[in-house]
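*Asks:* The structure follows.
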Amino acid sequence: MSTNPRSVSAPARALSFLARLLLLPALLVGVWWWAASGEGSFYLPTPGTVATTFGEVWLSERFLTDALPSIGLLLTGFALAAVLGVGAGVALGLSRTLRDLTEPVLEFLRAVPPPVLVPLLMLLVGLDSTMRVAVIASGCVWPVLLNTIEGVRSVDPVLSDTCRVYRIRGRRRLTTLVLRSASPQIMTGLRQALSIAVILMVISEMFASSSGLGFAVVQFQRGFAIPEMWTGIVLLGLLGVALSLLFGQVEKRVLSWHRGLRATARGG
Amino acid sequence: MNRDIRTHSQEGPDVLDVNGLRKTYASAGRAVEAVHDLTFRLRAGELACLVGPSGCGKTTLLKCVAGLLAPTGGTVAVAGHPVHSPPPDMAVVFQEYGRSLFPWLTVRGNVELPLKEKRLPRARRNALVEEALEAVGLAASASSHPWELSGGMQQRVAIARAIAYEPRVLLMDEPFAAVDAQTRADLEDLVRGLWQRFDMTVLFVTHDIDEAVYLGQRVLVLSSAPTVVQDDIEIDLPEQRDQLTTRSAQRFTELRARVHGQIQQAKRAST
């Protein structure tokens, strides 16, 4: 049963959608404002103060020196993890022997929390951006790897037989059958990796860096520039949302067949 | 429309030669014999139906013939060449049409894919794809995705893909078991039409006696597992068949009764 879509006019529906979308954020900002307007709230500036400071801090050269390089490192680390994770995941997914050989090591490495690698990598590759990329990649690679293995292993046997019958092998089999079959799981892995990447970017910069978003937040906090510190947090939140929306667009394009397939499967 | 490129060698009268085929599945300390000892031959251009009680190892047999499964004993040869892996001049239409088409490719993409792997030039590929889609009545759906089509249409796509591949032997594994009765009748007529139009040998596996008699020039009746060929019946119905007159013909009923009797006998023998 579905309700008649024509019963409500289009502008009214758009308005109600917008209201539902913005109700909770507006409420939270309201609560924040109320809490911040009280006495002695030095550490909690009002949203108004944060908004004004945001403009001063980030719509300036600082965006180029602190924000953009961070985003660059984040994307580099993420891309590296994606390539490594998908590459190794396909190899491991296709070969049982390789899986058996590597399983204990992978289980161990996966269990090591990536932030703990920061001190080690500081020693190994130094304090520069290579270290930050290495930390991001080493944390992001696991969800991509594990989801890719799962995806490659769950290739439909009938489709696999079809490829054998029509003698589709090698590269074409890899691109037409294996990677496409696994793409829903690969995208799930990449999405998880993306949020891990943001976390690791900030941690690596807080720990050991003289620039970047994480560094800026810590620096503001140490200098008691509290509204500025808050703007850093807001900017990181906005960055996360932007990346997620961007990823959603890519996913929509890559997995359009998957959504269509699932929609028709549900429809019967 | 004729296919002038196609030059089938006619010197070997047997296109498919299955000799003493045996398949045993080993599982947890006990061996299950699915196919006991199967021997049959198909002449070039023949349309033969394999029919047998459910669970008699039809799919196992077909997979062995297709080179997808290694037999425990015996040999399969296509045009004189022993089959160890899927041979180049064989196409298979699976029962699970929904799972044998690539959901991320369009109808056209699905039909064209094997031809790309064959390294045919683009013009030739296009001609084959057009012809195959037109032959199954799907020319208008070339740019749809398989999941946008009904079950019967999806199976037509799989059939078009097989036809475009220009196989010498076409194997069909209960291809219409999952479609409704009306679609099934249409698809049966489609298969006979395609077989007459394109020069190929068809081995059609089914559990449906009527379907086997209606379609085939020959019906091979299989026993229950462990499977052997129980009977080999020549279907002497006229070449031009249609759902109404053929199925109500006296001869059809006789042949149907004979196949039915053989299958009942096979079932009794196994219990």
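Order determines the names: the first chain of the structure tokens is A, the second B, and so forth; residues in each chain are numbered 1 upward, and ligands are numbered 1 upward as they are shown.
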Using only C-alpha atoms and a cut-off of 8 Å, which residues of chain B sit close to chain A? Please list them as a PyMOL selection string.

*Replies:* chain B and resi 66+68+86-88+90-92+94+96+99-104+114+117+145+147-148

*Asks:* Nearest residue to B:Pro175 out of B:Glu211, B:Asp14, B:Asp199, B:Asp231, using only C-alpha atoms?

*Replies:*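 That would be B:Glu211, the residue with the smallest distance to B:Pro175.
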
*Asks:* Env of stretch 111-127 of chain A: 7 Å cut, atoms = only C-alpha atoms, seq-sep filter 5 positions within chain, self excluded. Answer as an mmCIF file with N, CA and C atoms, in the first residue's frame.

*Replies:*
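See result18.cif below for the written result:
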```cif
data_model
loop_
_atom_site.group_PDB
_atom_site.id
_atom_site.type_symbol
_atom_site.label_atom_id
_atom_site.label_comp_id
_atom_site.auth_asym_id
_atom_site.auth_seq_id
_atom_site.Cartn_x
_atom_site.Cartn_y
_atom_site.Cartn_z
ATOM 1 N N VAL A 135 50.162 6.572 8.300
ATOM 2 C CA VAL A 135 49.236 6.263 9.399
ATOM 3 C C VAL A 135 47.799 6.126 8.865
ATOM 4 N N SER A 138 47.499 2.921 6.774
ATOM 5 C CA SER A 138 47.593 1.673 7.534
ATOM 6 C C SER A 138 46.314 1.405 8.332
ATOM 7 N N GLY A 139 45.588 2.453 8.662
ATOM 8 C CA GLY A 139 44.333 2.235 9.366
ATOM 9 C C GLY A 139 43.165 1.974 8.426
ATOM 10 N N LEU A 200 42.141 9.339 11.729
ATOM 11 C CA LEU A 200 43.594 9.157 11.778
ATOM 12 C C LEU A 200 44.346 10.406 11.323
ATOM 13 N N ILE A 203 44.373 12.571 14.433
ATOM 14 C CA ILE A 203 45.247 12.028 15.483
ATOM 15 C C ILE A 203 46.713 12.216 15.112
ATOM 16 N N SER A 204 47.050 11.876 13.860
ATOM 17 C CA SER A 204 48.459 11.983 13.470
ATOM 18 C C SER A 204 48.934 13.430 13.548
ATOM 19 N N ALA A 208 51.979 14.573 16.162
ATOM 20 C CA ALA A 208 53.302 14.829 15.634
ATOM 21 C C ALA A 208 53.196 15.600 14.337
ATOM 22 N N SER A 209 53.001 16.874 14.481
ATOM 23 C CA SER A 209 52.958 17.674 13.271
ATOM 24 C C SER A 209 53.042 19.142 13.660
#
```

*Asks:* Set the distance at 12 Å and use only C-alpha atoms: which residues neighbour A:Thr53 once local chain neighbours fewer than 2 positions away are removed? I'd like the list as a PyMOL selection string.

*Replies:* chain A and resi 45-51+55-60+225-232+234-235

*Asks:* Counting only C-alpha atoms, which residue out of B:Leu220, B:Val93, B:Leu237, B:Ala162 sits closest to B:Ala249?

*Replies:*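 Checking each of B:Leu220, B:Val93, B:Leu237, B:Ala162 against B:Ala249, counting only C-alpha atoms, the winner is B:Leu237.
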
*Asks:* One number please: atom CA of B:Arg108 to atom CA of B:Val129, in Å, one decimal.

*Replies:*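 Atom-to-atom, atom CA of B:Arg108 to atom CA of B:Val129, that is 6.9 Å.
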
*Asks:* Would you please work out which residue, of A:Leu246, A:Val202, A:Val144, A:Leu15, is nearest to A:Val86 when using only C-alpha atoms?

*Replies:*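 Checking each candidate against A:Val86, we get A:Val144 as the closest.
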